[in-house]
file target_4.pdb (PDB, C-alpha atoms)
MODEL        1
ATOM      1  CA  MET A   1      34.578  18.222  63.842
ATOM      2  CA  ASN A   2      34.898  14.739  62.497
ATOM      3  CA  GLY A   3      36.610  12.210  64.742
ATOM      4  CA  HIS A   4      37.597   8.584  64.727
ATOM      5  CA  GLN A   5      37.870   5.850  67.269
ATOM      6  CA  GLY A   6      41.643   6.082  67.627
ATOM      7  CA  THR A   7      41.436   9.674  68.820
ATOM      8  CA  ALA A   8      39.168   8.822  71.714
ATOM      9  CA  GLU A   9      41.190   5.765  72.745
ATOM     10  CA  THR A  10      44.456   7.691  72.980
ATOM     11  CA  ILE A  11      42.856  10.052  75.485
ATOM     12  CA  GLY A  12      42.725   7.076  77.820
ATOM     13  CA  GLN A  13      39.335   7.743  79.284
ATOM     14  CA  LYS A  14      37.186   4.871  80.496
ATOM     15  CA  ARG A  15      33.852   4.671  78.697
ATOM     16  CA  SER A  16      30.662   2.988  79.763
ATOM     17  CA  ARG A  17      29.229   0.205  77.595
ATOM     18  CA  SER A  18      26.342   2.388  76.426
ATOM     19  CA  GLY A  19      28.715   5.272  75.721
ATOM     20  CA  ASP A  20      30.952   2.957  73.689
ATOM     21  CA  GLN A  21      27.972   1.849  71.598
ATOM     22  CA  ARG A  22      27.035   5.460  70.929
ATOM     23  CA  PHE A  23      30.606   6.212  69.860
ATOM     24  CA  GLN A  24      30.675   3.181  67.569
ATOM     25  CA  ARG A  25      27.562   4.488  65.850
ATOM     26  CA  TYR A  26      29.314   7.836  65.424
ATOM     27  CA  VAL A  27      32.349   6.158  63.821
ATOM     28  CA  LYS A  28      30.071   4.271  61.445
ATOM     29  CA  SER A  29      28.196   7.397  60.432
ATOM     30  CA  SER A  30      31.472   9.162  59.645
ATOM     31  CA  GLN A  31      32.575   6.318  57.378
ATOM     32  CA  GLU A  32      29.250   6.240  55.554
ATOM     33  CA  GLU A  33      29.584   9.970  54.810
ATOM     34  CA  LYS A  34      32.207   9.066  52.207
ATOM     35  CA  ASP A  35      29.694   7.229  50.027
ATOM     36  CA  VAL A  36      27.878  10.128  48.389
ATOM     37  CA  CYS A  37      24.648   9.217  46.598
ATOM     38  CA  GLU A  38      21.781  11.013  44.872
ATOM     39  CA  ASP A  39      19.340   9.603  47.439
ATOM     40  CA  TRP A  40      20.663  12.174  49.913
ATOM     41  CA  TYR A  41      19.150  15.003  47.877
ATOM     42  CA  HIS A  42      15.927  16.483  46.585
ATOM     43  CA  VAL A  43      15.998  18.891  43.629
ATOM     44  CA  GLN A  44      13.146  21.324  43.101
ATOM     45  CA  ASP A  45      12.691  24.669  41.299
ATOM     46  CA  GLY A  46      16.399  24.977  40.535
ATOM     47  CA  PHE A  47      17.590  24.331  44.074
ATOM     48  CA  ARG A  48      19.323  21.309  45.586
ATOM     49  CA  TYR A  49      18.089  20.367  49.050
ATOM     50  CA  VAL A  50      19.640  17.839  51.416
ATOM     51  CA  ILE A  51      17.158  15.409  52.984
ATOM     52  CA  PRO A  52      17.519  15.847  56.794
ATOM     53  CA  TYR A  53      19.645  13.203  58.487
ATOM     54  CA  VAL A  54      21.074  12.227  61.877
ATOM     55  CA  PHE A  55      24.621  13.444  62.382
ATOM     56  CA  ALA A  56      27.187  13.682  65.192
ATOM     57  CA  PHE A  57      29.474  16.644  65.693
ATOM     58  CA  ARG A  58      32.624  15.886  67.677
ATOM     59  CA  VAL A  59      34.949  18.422  69.290
ATOM     60  CA  ASN A  60      37.867  18.135  71.715
ATOM     61  CA  CYS A  61      38.048  20.483  74.693
ATOM     62  CA  LYS A  62      40.065  23.573  73.801
ATOM     63  CA  ARG A  63      42.496  25.186  76.207
ATOM     64  CA  ARG A  64      40.369  28.320  76.597
ATOM     65  CA  TRP A  65      37.426  26.184  77.739
ATOM     66  CA  ILE A  66      39.222  24.752  80.788
ATOM     67  CA  GLY A  67      37.581  25.779  84.061
ATOM     68  CA  ARG A  68      34.288  26.696  82.387
ATOM     69  CA  SER A  69      31.053  24.751  82.600
ATOM     70  CA  ILE A  70      29.994  22.797  79.537
ATOM     71  CA  LEU A  71      26.819  24.904  79.347
ATOM     72  CA  ASP A  72      28.703  28.208  79.492
ATOM     73  CA  THR A  73      31.212  26.955  76.916
ATOM     74  CA  PHE A  74      28.682  25.896  74.317
ATOM     75  CA  SER A  75      26.441  28.918  74.926
ATOM     76  CA  ARG A  76      29.352  31.286  74.272
ATOM     77  CA  GLU A  77      31.289  29.406  71.612
ATOM     78  CA  PHE A  78      28.265  28.295  69.580
ATOM     79  CA  HIS A  79      26.058  31.305  70.188
ATOM     80  CA  TYR A  80      23.907  30.724  67.122
ATOM     81  CA  LYS A  81      21.702  28.814  69.579
ATOM     82  CA  PRO A  82      20.432  30.310  72.890
ATOM     83  CA  GLU A  83      21.565  29.036  76.285
ATOM     84  CA  ARG A  84      18.256  27.275  76.916
ATOM     85  CA  TYR A  85      18.833  25.173  73.777
ATOM     86  CA  TRP A  86      22.237  23.950  74.963
ATOM     87  CA  SER A  87      20.890  23.321  78.464
ATOM     88  CA  LYS A  88      18.199  21.087  76.991
ATOM     89  CA  GLU A  89      20.676  19.267  74.734
ATOM     90  CA  ILE A  90      22.985  18.530  77.674
ATOM     91  CA  SER A  91      20.193  17.479  80.058
ATOM     92  CA  SER A  92      18.609  15.195  77.447
ATOM     93  CA  GLY A  93      21.891  13.434  76.642
ATOM     94  CA  ARG A  94      22.081  14.607  73.051
ATOM     95  CA  LEU A  95      25.265  16.483  73.958
ATOM     96  CA  LEU A  96      27.634  13.992  75.556
ATOM     97  CA  CYS A  97      30.930  14.504  77.345
ATOM     98  CA  ARG A  98      33.385  11.586  77.023
ATOM     99  CA  ASP A  99      30.407   9.732  75.524
ATOM    100  CA  GLU A 100      28.487  10.060  78.803
ATOM    101  CA  LYS A 101      25.646  12.252  79.984
ATOM    102  CA  VAL A 102      26.708  15.094  82.326
ATOM    103  CA  GLU A 103      25.002  17.971  84.098
ATOM    104  CA  PRO A 104      24.960  21.474  82.534
ATOM    105  CA  GLY A 105      27.212  22.687  85.362
ATOM    106  CA  TYR A 106      29.940  20.110  84.654
ATOM    107  CA  ILE A 107      33.367  21.865  84.667
ATOM    108  CA  LEU A 108      35.735  21.035  81.824
ATOM    109  CA  ASP A 109      39.326  20.132  82.696
ATOM    110  CA  GLY A 110      40.825  19.840  79.205
ATOM    111  CA  SER A 111      40.774  16.067  78.782
ATOM    112  CA  GLU A 112      37.241  15.854  77.408
ATOM    113  CA  TRP A 113      35.767  15.336  73.995
ATOM    114  CA  MET A 114      32.146  16.211  73.303
ATOM    115  CA  ILE A 115      29.731  14.670  70.805
ATOM    116  CA  HIS A 116      26.510  16.416  69.812
ATOM    117  CA  TRP A 117      23.836  14.319  68.116
ATOM    118  CA  ILE A 118      21.489  16.321  65.911
ATOM    119  CA  HIS A 119      18.898  15.906  63.193
ATOM    120  CA  ARG A 120      20.698  17.953  60.576
ATOM    121  CA  HIS A 121      18.919  20.298  58.171
ATOM    122  CA  GLU A 122      21.256  21.854  55.613
ATOM    123  CA  SER A 123      20.807  25.057  53.642
ATOM    124  CA  ALA A 124      19.858  24.707  49.983
ATOM    125  CA  VAL A 125      22.172  25.613  47.085
ATOM    126  CA  LEU A 126      21.608  26.284  43.400
ATOM    127  CA  ASP A 127      21.346  23.052  41.410
ATOM    128  CA  ARG A 128      24.082  23.743  38.892
ATOM    129  CA  GLU A 129      26.430  21.416  37.075
ATOM    130  CA  ILE A 130      29.959  21.035  38.415
ATOM    131  CA  ASP A 131      31.854  21.465  35.139
ATOM    132  CA  LYS A 132      35.243  19.787  34.818
ATOM    133  CA  VAL A 133      37.695  22.261  33.283
ATOM    134  CA  TYR A 134      40.924  20.243  33.490
ATOM    135  CA  GLU A 135      42.119  16.912  34.838
ATOM    136  CA  ASP A 136      45.340  14.914  34.891
ATOM    137  CA  ASP A 137      46.918  12.378  37.233
ATOM    138  CA  SER A 138      47.675  15.061  39.821
ATOM    139  CA  LEU A 139      44.947  17.691  39.555
ATOM    140  CA  LEU A 140      41.277  18.311  39.009
ATOM    141  CA  VAL A 141      40.032  21.797  38.151
ATOM    142  CA  VAL A 142      36.297  22.493  38.296
ATOM    143  CA  SER A 143      34.100  25.536  37.789
ATOM    144  CA  LYS A 144      32.317  26.222  41.081
ATOM    145  CA  PRO A 145      28.814  27.688  40.795
ATOM    146  CA  PRO A 146      27.753  30.456  43.194
ATOM    147  CA  SER A 147      25.958  29.633  46.476
ATOM    148  CA  ILE A 148      28.071  26.512  47.146
ATOM    149  CA  PRO A 149      30.823  26.488  49.815
ATOM    150  CA  VAL A 150      34.047  24.707  48.868
ATOM    151  CA  HIS A 151      34.172  22.508  51.963
ATOM    152  CA  PRO A 152      31.796  21.616  54.829
ATOM    153  CA  CYS A 153      31.145  24.574  57.105
ATOM    154  CA  GLY A 154      28.283  26.091  59.070
ATOM    155  CA  SER A 155      24.953  24.774  57.798
ATOM    156  CA  TYR A 156      26.549  23.009  54.821
ATOM    157  CA  ARG A 157      28.079  19.556  54.587
ATOM    158  CA  ARG A 158      26.589  17.333  51.903
ATOM    159  CA  ASN A 159      25.859  20.488  49.875
ATOM    160  CA  ALA A 160      29.552  21.473  49.881
ATOM    161  CA  LEU A 161      31.584  21.382  46.667
ATOM    162  CA  THR A 162      33.730  18.496  47.929
ATOM    163  CA  TYR A 163      30.641  16.290  48.255
ATOM    164  CA  LEU A 164      28.929  17.506  45.076
ATOM    165  CA  THR A 165      32.089  16.955  43.025
ATOM    166  CA  SER A 166      32.172  13.371  44.245
ATOM    167  CA  LEU A 167      28.478  13.001  43.399
ATOM    168  CA  LYS A 168      28.571  14.662  39.960
ATOM    169  CA  LEU A 169      31.982  13.532  38.703
ATOM    170  CA  GLY A 170      32.434  10.288  40.621
ATOM    171  CA  LEU A 171      35.736  11.417  42.148
ATOM    172  CA  SER A 172      36.512  11.065  45.845
ATOM    173  CA  GLY A 173      39.529  11.587  48.079
ATOM    174  CA  LEU A 174      40.223  15.008  46.569
ATOM    175  CA  ARG A 175      42.214  17.510  48.632
ATOM    176  CA  THR A 176      41.393  21.218  48.692
ATOM    177  CA  VAL A 177      44.362  23.559  48.263
ATOM    178  CA  HIS A 178      42.465  26.870  48.256
ATOM    179  CA  ARG A 179      38.916  28.139  48.574
ATOM    180  CA  LEU A 180      36.434  30.609  47.175
ATOM    181  CA  ASP A 181      33.709  32.313  49.180
ATOM    182  CA  LYS A 182      30.334  30.605  49.040
ATOM    183  CA  HIS A 183      28.856  33.349  46.846
ATOM    184  CA  THR A 184      31.808  33.370  44.436
ATOM    185  CA  SER A 185      31.805  31.406  41.195
ATOM    186  CA  GLY A 186      35.050  30.409  39.522
ATOM    187  CA  LEU A 187      37.861  27.892  39.235
ATOM    188  CA  VAL A 188      38.695  25.581  42.120
ATOM    189  CA  ILE A 189      41.772  23.352  42.066
ATOM    190  CA  PHE A 190      41.727  19.973  43.810
ATOM    191  CA  ALA A 191      44.842  17.863  44.369
ATOM    192  CA  LYS A 192      44.610  14.100  43.987
ATOM    193  CA  THR A 193      47.470  13.265  46.366
ATOM    194  CA  LYS A 194      48.860  14.603  49.626
ATOM    195  CA  GLU A 195      52.181  15.401  47.958
ATOM    196  CA  VAL A 196      50.582  17.502  45.210
ATOM    197  CA  ALA A 197      48.397  19.293  47.751
ATOM    198  CA  THR A 198      51.440  20.185  49.845
ATOM    199  CA  ARG A 199      53.299  21.521  46.811
ATOM    200  CA  LEU A 200      50.368  23.645  45.611
ATOM    201  CA  CYS A 201      49.645  25.016  49.077
ATOM    202  CA  LYS A 202      53.266  26.075  49.372
ATOM    203  CA  GLN A 203      53.125  27.851  46.004
ATOM    204  CA  ILE A 204      49.994  29.724  47.075
ATOM    205  CA  GLU A 205      51.490  30.572  50.475
ATOM    206  CA  GLU A 206      54.624  31.923  48.789
ATOM    207  CA  ARG A 207      52.393  33.993  46.464
ATOM    208  CA  ARG A 208      53.660  32.299  43.324
ATOM    209  CA  VAL A 209      50.062  31.845  42.128
ATOM    210  CA  THR A 210      48.221  34.738  40.484
ATOM    211  CA  LYS A 211      44.502  35.031  41.205
ATOM    212  CA  THR A 212      42.162  37.151  39.110
ATOM    213  CA  TYR A 213      38.560  37.914  40.034
ATOM    214  CA  VAL A 214      35.918  39.843  38.118
ATOM    215  CA  ALA A 215      33.320  41.706  40.180
ATOM    216  CA  LEU A 216      30.146  43.558  39.239
ATOM    217  CA  VAL A 217      30.120  46.556  41.583
ATOM    218  CA  SER A 218      27.657  49.318  42.366
ATOM    219  CA  GLY A 219      28.561  52.763  41.031
ATOM    220  CA  HIS A 220      31.000  54.250  38.535
ATOM    221  CA  PHE A 221      34.349  52.791  39.579
ATOM    222  CA  PRO A 222      37.070  55.381  38.749
ATOM    223  CA  MET A 223      39.722  54.435  36.213
ATOM    224  CA  SER A 224      42.264  56.159  38.460
ATOM    225  CA  LEU A 225      41.504  53.916  41.449
ATOM    226  CA  LYS A 226      44.153  51.222  41.173
ATOM    227  CA  SER A 227      44.443  49.674  44.638
ATOM    228  CA  CYS A 228      43.294  49.428  48.233
ATOM    229  CA  GLU A 229      45.717  48.692  51.071
ATOM    230  CA  ASP A 230      43.426  49.065  54.079
ATOM    231  CA  LYS A 231      44.253  46.616  56.862
ATOM    232  CA  LEU A 232      41.487  44.147  57.701
ATOM    233  CA  SER A 233      40.314  42.168  60.692
ATOM    234  CA  PHE A 234      37.771  39.363  60.498
ATOM    235  CA  ASP A 235      35.039  38.839  63.074
ATOM    236  CA  VAL A 236      34.675  35.064  63.302
ATOM    237  CA  ARG A 237      31.390  35.189  65.174
ATOM    238  CA  GLU A 238      29.707  37.690  62.859
ATOM    239  CA  GLN A 239      31.507  36.321  59.762
ATOM    240  CA  ILE A 240      32.411  39.745  58.408
ATOM    241  CA  ALA A 241      35.661  41.559  57.576
ATOM    242  CA  ARG A 242      36.180  45.184  58.564
ATOM    243  CA  VAL A 243      38.772  47.848  57.910
ATOM    244  CA  ASP A 244      40.918  48.004  61.032
ATOM    245  CA  PRO A 245      44.135  50.042  61.490
ATOM    246  CA  HIS A 246      45.308  47.317  63.861
ATOM    247  CA  GLY A 247      44.305  44.477  61.513
ATOM    248  CA  LYS A 248      46.363  42.401  59.111
ATOM    249  CA  ASP A 249      47.959  43.783  55.969
ATOM    250  CA  ALA A 250      45.703  43.453  52.923
ATOM    251  CA  VAL A 251      46.409  44.610  49.387
ATOM    252  CA  THR A 252      44.074  44.444  46.367
ATOM    253  CA  ARG A 253      44.784  45.878  42.898
ATOM    254  CA  PHE A 254      41.986  46.882  40.516
ATOM    255  CA  GLU A 255      41.457  47.298  36.780
ATOM    256  CA  VAL A 256      38.224  48.711  35.371
ATOM    257  CA  VAL A 257      36.761  46.674  32.496
ATOM    258  CA  ALA A 258      33.598  48.639  31.722
ATOM    259  CA  HIS A 259      30.816  50.791  33.150
ATOM    260  CA  SER A 260      27.073  50.738  32.484
ATOM    261  CA  THR A 261      25.648  54.251  32.725
ATOM    262  CA  ASP A 262      22.004  53.126  32.570
ATOM    263  CA  HIS A 263      22.406  50.712  35.483
ATOM    264  CA  ASP A 264      25.196  52.593  37.271
ATOM    265  CA  VAL A 265      27.345  49.488  37.722
ATOM    266  CA  SER A 266      30.937  48.690  36.802
ATOM    267  CA  LEU A 267      32.798  45.543  35.870
ATOM    268  CA  VAL A 268      36.139  45.443  37.678
ATOM    269  CA  ARG A 269      39.034  42.987  37.632
ATOM    270  CA  CYS A 270      40.467  42.404  41.093
ATOM    271  CA  PHE A 271      43.939  41.096  41.878
ATOM    272  CA  PRO A 272      44.391  40.170  45.550
ATOM    273  CA  LYS A 273      48.041  40.343  46.606
ATOM    274  CA  THR A 274      47.253  38.964  50.051
ATOM    275  CA  GLY A 275      44.736  36.339  51.032
ATOM    276  CA  ARG A 276      42.603  37.729  53.831
ATOM    277  CA  THR A 277      39.102  36.353  54.333
ATOM    278  CA  HIS A 278      36.521  38.370  52.339
ATOM    279  CA  GLN A 279      39.357  40.693  51.300
ATOM    280  CA  ILE A 280      38.017  41.821  47.919
ATOM    281  CA  ARG A 281      34.468  42.196  49.186
ATOM    282  CA  ALA A 282      35.554  44.228  52.227
ATOM    283  CA  HIS A 283      37.922  46.439  50.235
ATOM    284  CA  LEU A 284      35.307  47.225  47.595
ATOM    285  CA  LYS A 285      32.782  48.138  50.278
ATOM    286  CA  ALA A 286      35.359  50.337  52.021
ATOM    287  CA  LEU A 287      35.987  52.155  48.735
ATOM    288  CA  GLY A 288      32.250  52.773  48.289
ATOM    289  CA  TYR A 289      31.715  50.330  45.408
ATOM    290  CA  PRO A 290      30.283  47.159  46.987
ATOM    291  CA  ILE A 291      29.706  44.069  44.894
ATOM    292  CA  CYS A 292      26.132  43.921  43.612
ATOM    293  CA  ASN A 293      23.921  41.306  45.266
ATOM    294  CA  ASP A 294      26.484  40.668  48.015
ATOM    295  CA  PRO A 295      24.257  39.749  50.988
ATOM    296  CA  VAL A 296      26.864  40.835  53.562
ATOM    297  CA  TYR A 297      28.659  43.861  52.161
ATOM    298  CA  CYS A 298      26.116  45.406  49.763
ATOM    299  CA  GLU A 299      23.619  46.991  52.149
ATOM    300  CA  ASN A 300      20.818  48.908  50.419
ATOM    301  CA  GLN A 301      22.771  48.983  47.173
ATOM    302  CA  LYS A 302      22.270  47.722  43.615
ATOM    303  CA  SER A 303      20.822  44.239  43.199
ATOM    304  CA  PHE A 304      19.842  42.298  40.122
ATOM    305  CA  GLY A 305      17.883  39.144  39.338
ATOM    306  CA  ASN A 306      19.539  35.968  38.084
ATOM    307  CA  GLU A 307      18.483  36.607  34.484
ATOM    308  CA  GLU A 308      20.097  40.064  34.409
ATOM    309  CA  VAL A 309      23.275  38.893  36.110
ATOM    310  CA  ASN A 310      23.746  35.983  33.717
ATOM    311  CA  ASP A 311      23.154  38.113  30.624
ATOM    312  CA  SER A 312      25.815  40.817  30.415
ATOM    313  CA  ALA A 313      24.106  42.375  27.389
ATOM    314  CA  LYS A 314      21.135  43.383  29.557
ATOM    315  CA  LEU A 315      23.533  45.324  31.772
ATOM    316  CA  GLN A 316      25.243  46.807  28.700
ATOM    317  CA  LEU A 317      28.556  45.243  29.704
ATOM    318  CA  PRO A 318      31.047  43.140  27.727
ATOM    319  CA  SER A 319      30.729  39.363  27.988
ATOM    320  CA  LEU A 320      33.550  37.607  29.817
ATOM    321  CA  HIS A 321      34.172  33.950  29.144
ATOM    322  CA  GLU A 322      33.505  31.591  32.024
ATOM    323  CA  PRO A 323      34.888  29.989  34.060
ATOM    324  CA  THR A 324      37.831  32.406  34.240
ATOM    325  CA  SER A 325      35.464  35.220  35.115
ATOM    326  CA  GLU A 326      34.260  35.099  38.695
ATOM    327  CA  ALA A 327      31.417  37.156  40.116
ATOM    328  CA  ILE A 328      30.559  37.228  43.796
ATOM    329  CA  LEU A 329      26.800  37.183  43.447
ATOM    330  CA  ALA A 330      24.084  35.978  45.763
ATOM    331  CA  GLU A 331      21.517  34.118  43.715
ATOM    332  CA  GLY A 332      18.174  32.727  44.780
TER     333      GLY A 332
ENDMDL
END
call {"tool": "encode", "arguments": {"input": "target_4.pdb", "output": "structure tokens"}}
result
Amino acid sequence: MNGHQGTAETIGQKRSRSGDQRFQRYVKSSQEEKDVCEDWYHVQDGFRYVIPYVFAFRVNCKRRWIGRSILDTFSREFHYKPERYWSKEISSGRLLCRDEKVEPGYILDGSEWMIHWIHRHESAVLDREIDKVYEDDSLLVVSKPPSIPVHPCGSYRRNALTYLTSLKLGLSGLRTVHRLDKHTSGLVIFAKTKEVATRLCKQIEERRVTKTYVALVSGHFPMSLKSCEDKLSFDVREQIARVDPHGKDAVTRFEVVAHSTDHDVSLVRCFPKTGRTHQIRAHLKALGYPICNDPVYCENQKSFGNEEVNDSAKLQLPSLHEPTSEAILAEG
């Protein structure tokens, strides 16, 4: 929800002097976000923590919000906080409308922008190196560790891969052309220019790029099970994909690599032919072989500690060379 001064000025709304000063501070904070530094972080016991900081979220009024009160809108749209929280934020002036304080009952008409000032506390991630796999004048390919989201989202910003790549490798201005789930490790491609990003995104959209994942799943995955074509829908609020006959087409092919009888787990290569959110994870759960340690889709199933997961010999499975092997595993 980043914004800039030009966006607000084109709306043509008149701001008060105090509101303008608040907005100027917001613009400054957004610019400073580009200068990633180690002072933002604290590393302890293998985890990377972000030192809490003041931050401003900015959002323009969406069409579906028109005619609703600002309190009702934020309570419903951002329901991770209760209504009393949003009422307090609005009444205290920490949630501003057109850079001015309004009452909780204020009715939105579509022309507004809202800024929410918070003291931000981010979720921790594993403190792993961001290994550079390939680089030229157009591309950067890195090996993303598990637990790190590719780009800012939810409770992550400075702990996102885009920021950590800038911190670890000293490269900024990179453009994401695809993503991996937070819990997935594997290769991530960054484009160095807008033109390259556009070209790569088009290739991915036209399915000219082949993606291969390797998953450690619970149970003895049958050699005869070659694909899943269950349609999927994604619940944005609950952040979970479900099999839905009225959902979007989703196709995943499978190839069994090995099975560990002692641990009753299988190593399976997965080839997504479509790109639905959480597609592989949802399909494997639907088939009855959820990915081990998956915090969302592996309910009351097999789980392993970090040491076991990182040592395939302990699971009596063949070793696959990283970073081409990707396991969706929740660690820590």
call {"tool": "resolve_selection", "arguments": {"input": "target_4.pdb", "expression": "the PyMOL selection byres ((chain A and resi 111) around 8)", "output": "mmCIF file with C-alpha atoms, keeping the file's coordinate frame"}}
result
data_model
loop_
_atom_site.group_PDB
_atom_site.id
_atom_site.type_symbol
_atom_site.label_atom_id
_atom_site.label_comp_id
_atom_site.auth_asym_id
_atom_site.auth_seq_id
_atom_site.Cartn_x
_atom_site.Cartn_y
_atom_site.Cartn_z
ATOM 1 C CA ILE A 11 42.856 10.052 75.485
ATOM 2 C CA ASN A 60 37.867 18.135 71.715
ATOM 3 C CA CYS A 61 38.048 20.483 74.693
ATOM 4 C CA LEU A 108 35.735 21.035 81.824
ATOM 5 C CA ASP A 109 39.326 20.132 82.696
ATOM 6 C CA GLY A 110 40.825 19.840 79.205
ATOM 7 C CA GLU A 112 37.241 15.854 77.408
ATOM 8 C CA TRP A 113 35.767 15.336 73.995
#
call {"tool": "residues_around", "arguments": {"input": "target_4.pdb", "residues": "Pro290 (chain A)", "least_positions_apart": "4", "cutoff": "7 Å", "atoms": "only C-alpha atoms", "output": "list in words"}}
result
Val217, Ser218, Arg281, Leu284, Lys285, Tyr297 and Cys298 of chain A
call {"tool": "write_last_selection", "arguments": {"input": "target_4.pdb", "atoms": "C-alpha atoms", "output": "PDB file, in the coordinates of the input"}}
result
ATOM      1  CA  VAL A 217      30.120  46.556  41.583  1.00  0.00           C
ATOM      2  CA  SER A 218      27.657  49.318  42.366  1.00  0.00           C
ATOM      3  CA  ARG A 281      34.468  42.196  49.186  1.00  0.00           C
ATOM      4  CA  LEU A 284      35.307  47.225  47.595  1.00  0.00           C
ATOM      5  CA  LYS A 285      32.782  48.138  50.278  1.00  0.00           C
ATOM      6  CA  TYR A 297      28.659  43.861  52.161  1.00  0.00           C
ATOM      7  CA  CYS A 298      26.116  45.406  49.763  1.00  0.00           C
TER       8      CYS A 298
END
call {"tool": "resolve_selection", "arguments": {"input": "target_4.pdb", "expression": "the PyMOL selection byres ((chain A and resi 277) around 12)", "output": "PyMOL selection string"}}
result
chain A and resi 178-182+231-236+239-242+248-250+272+274-276+278-283
call {"tool": "closest_residue", "arguments": {"input": "target_4.pdb", "among": "A:Tyr53, A:Phe254, A:Phe47, A:Tyr106", "to": "Thr73 (chain A)", "atoms": "only C-alpha atoms"}}
result
A:Tyr106
call {"tool": "closest_residue", "arguments": {"input": "target_4.pdb", "among": "A:Ser185, A:Ser172, A:Glu238, A:Arg158", "to": "Val296 (chain A)", "atoms": "all atoms listed in the file"}}
result
A:Glu238
call {"tool": "resolve_selection", "arguments": {"input": "target_4.pdb", "expression": "the PyMOL selection byres ((chain A and resi 57) around 6)", "output": "number ranges by chain"}}
result
A: 1, 56, 58, 115-116
call {"tool": "decode", "arguments": {"input": "target_4.pdb", "residues": "region 238-243 of chain A", "atoms": "all heavy atoms", "output": "PDB file, in the first residue's frame"}}
result
ATOM      1  N   GLU A 238      -8.951 -16.368   4.593  1.00  0.00           N
ATOM      2  CA  GLU A 238      -8.372 -17.457   5.376  1.00  0.00           C
ATOM      3  C   GLU A 238      -7.033 -17.916   4.828  1.00  0.00           C
ATOM      4  O   GLU A 238      -6.345 -18.727   5.453  1.00  0.00           O
ATOM      5  CB  GLU A 238      -9.345 -18.635   5.415  1.00  0.00           C
ATOM      6  CG  GLU A 238     -10.637 -18.327   6.169  1.00  0.00           C
ATOM      7  CD  GLU A 238     -11.497 -19.567   6.334  1.00  0.00           C
ATOM      8  OE1 GLU A 238     -10.968 -20.689   6.182  1.00  0.00           O
ATOM      9  OE2 GLU A 238     -12.695 -19.417   6.617  1.00  0.00           O
ATOM     10  N   GLN A 239      -6.656 -17.425   3.626  1.00  0.00           N
ATOM     11  CA  GLN A 239      -5.376 -17.770   3.003  1.00  0.00           C
ATOM     12  C   GLN A 239      -5.206 -19.278   2.846  1.00  0.00           C
ATOM     13  O   GLN A 239      -4.208 -19.866   3.251  1.00  0.00           O
ATOM     14  CB  GLN A 239      -4.215 -17.173   3.810  1.00  0.00           C
ATOM     15  CG  GLN A 239      -4.113 -15.657   3.737  1.00  0.00           C
ATOM     16  CD  GLN A 239      -3.741 -15.166   2.345  1.00  0.00           C
ATOM     17  OE1 GLN A 239      -2.654 -15.427   1.854  1.00  0.00           O
ATOM     18  NE2 GLN A 239      -4.661 -14.456   1.706  1.00  0.00           N
ATOM     19  N   ILE A 240      -6.214 -19.895   2.228  1.00  0.00           N
ATOM     20  CA  ILE A 240      -6.159 -21.343   2.008  1.00  0.00           C
ATOM     21  C   ILE A 240      -6.882 -21.687   0.714  1.00  0.00           C
ATOM     22  O   ILE A 240      -7.892 -21.063   0.369  1.00  0.00           O
ATOM     23  CB  ILE A 240      -6.778 -22.106   3.206  1.00  0.00           C
ATOM     24  CG1 ILE A 240      -6.520 -23.605   3.070  1.00  0.00           C
ATOM     25  CG2 ILE A 240      -8.273 -21.809   3.330  1.00  0.00           C
ATOM     26  CD1 ILE A 240      -6.901 -24.405   4.304  1.00  0.00           C
ATOM     27  N   ALA A 241      -6.330 -22.661  -0.027  1.00  0.00           N
ATOM     28  CA  ALA A 241      -6.954 -23.133  -1.265  1.00  0.00           C
ATOM     29  C   ALA A 241      -7.750 -24.396  -0.978  1.00  0.00           C
ATOM     30  O   ALA A 241      -7.336 -25.234  -0.168  1.00  0.00           O
ATOM     31  CB  ALA A 241      -5.886 -23.403  -2.323  1.00  0.00           C
ATOM     32  N   ARG A 242      -8.887 -24.530  -1.652  1.00  0.00           N
ATOM     33  CA  ARG A 242      -9.741 -25.698  -1.458  1.00  0.00           C
ATOM     34  C   ARG A 242     -10.212 -26.240  -2.797  1.00  0.00           C
ATOM     35  O   ARG A 242     -10.381 -25.489  -3.756  1.00  0.00           O
ATOM     36  CB  ARG A 242     -10.962 -25.334  -0.607  1.00  0.00           C
ATOM     37  CG  ARG A 242     -10.644 -24.889   0.819  1.00  0.00           C
ATOM     38  CD  ARG A 242     -11.925 -24.670   1.606  1.00  0.00           C
ATOM     39  NE  ARG A 242     -11.672 -24.347   3.009  1.00  0.00           N
ATOM     40  CZ  ARG A 242     -11.524 -23.104   3.445  1.00  0.00           C
ATOM     41  NH1 ARG A 242     -11.603 -22.083   2.615  1.00  0.00           N
ATOM     42  NH2 ARG A 242     -11.308 -22.878   4.739  1.00  0.00           N
ATOM     43  N   VAL A 243     -10.421 -27.549  -2.834  1.00  0.00           N
ATOM     44  CA  VAL A 243     -11.010 -28.163  -4.020  1.00  0.00           C
ATOM     45  C   VAL A 243     -12.442 -27.656  -4.147  1.00  0.00           C
ATOM     46  O   VAL A 243     -13.212 -27.675  -3.185  1.00  0.00           O
ATOM     47  CB  VAL A 243     -10.984 -29.699  -3.912  1.00  0.00           C
ATOM     48  CG1 VAL A 243     -11.772 -30.329  -5.052  1.00  0.00           C
ATOM     49  CG2 VAL A 243      -9.550 -30.200  -3.917  1.00  0.00           C
TER      50      VAL A 243
END
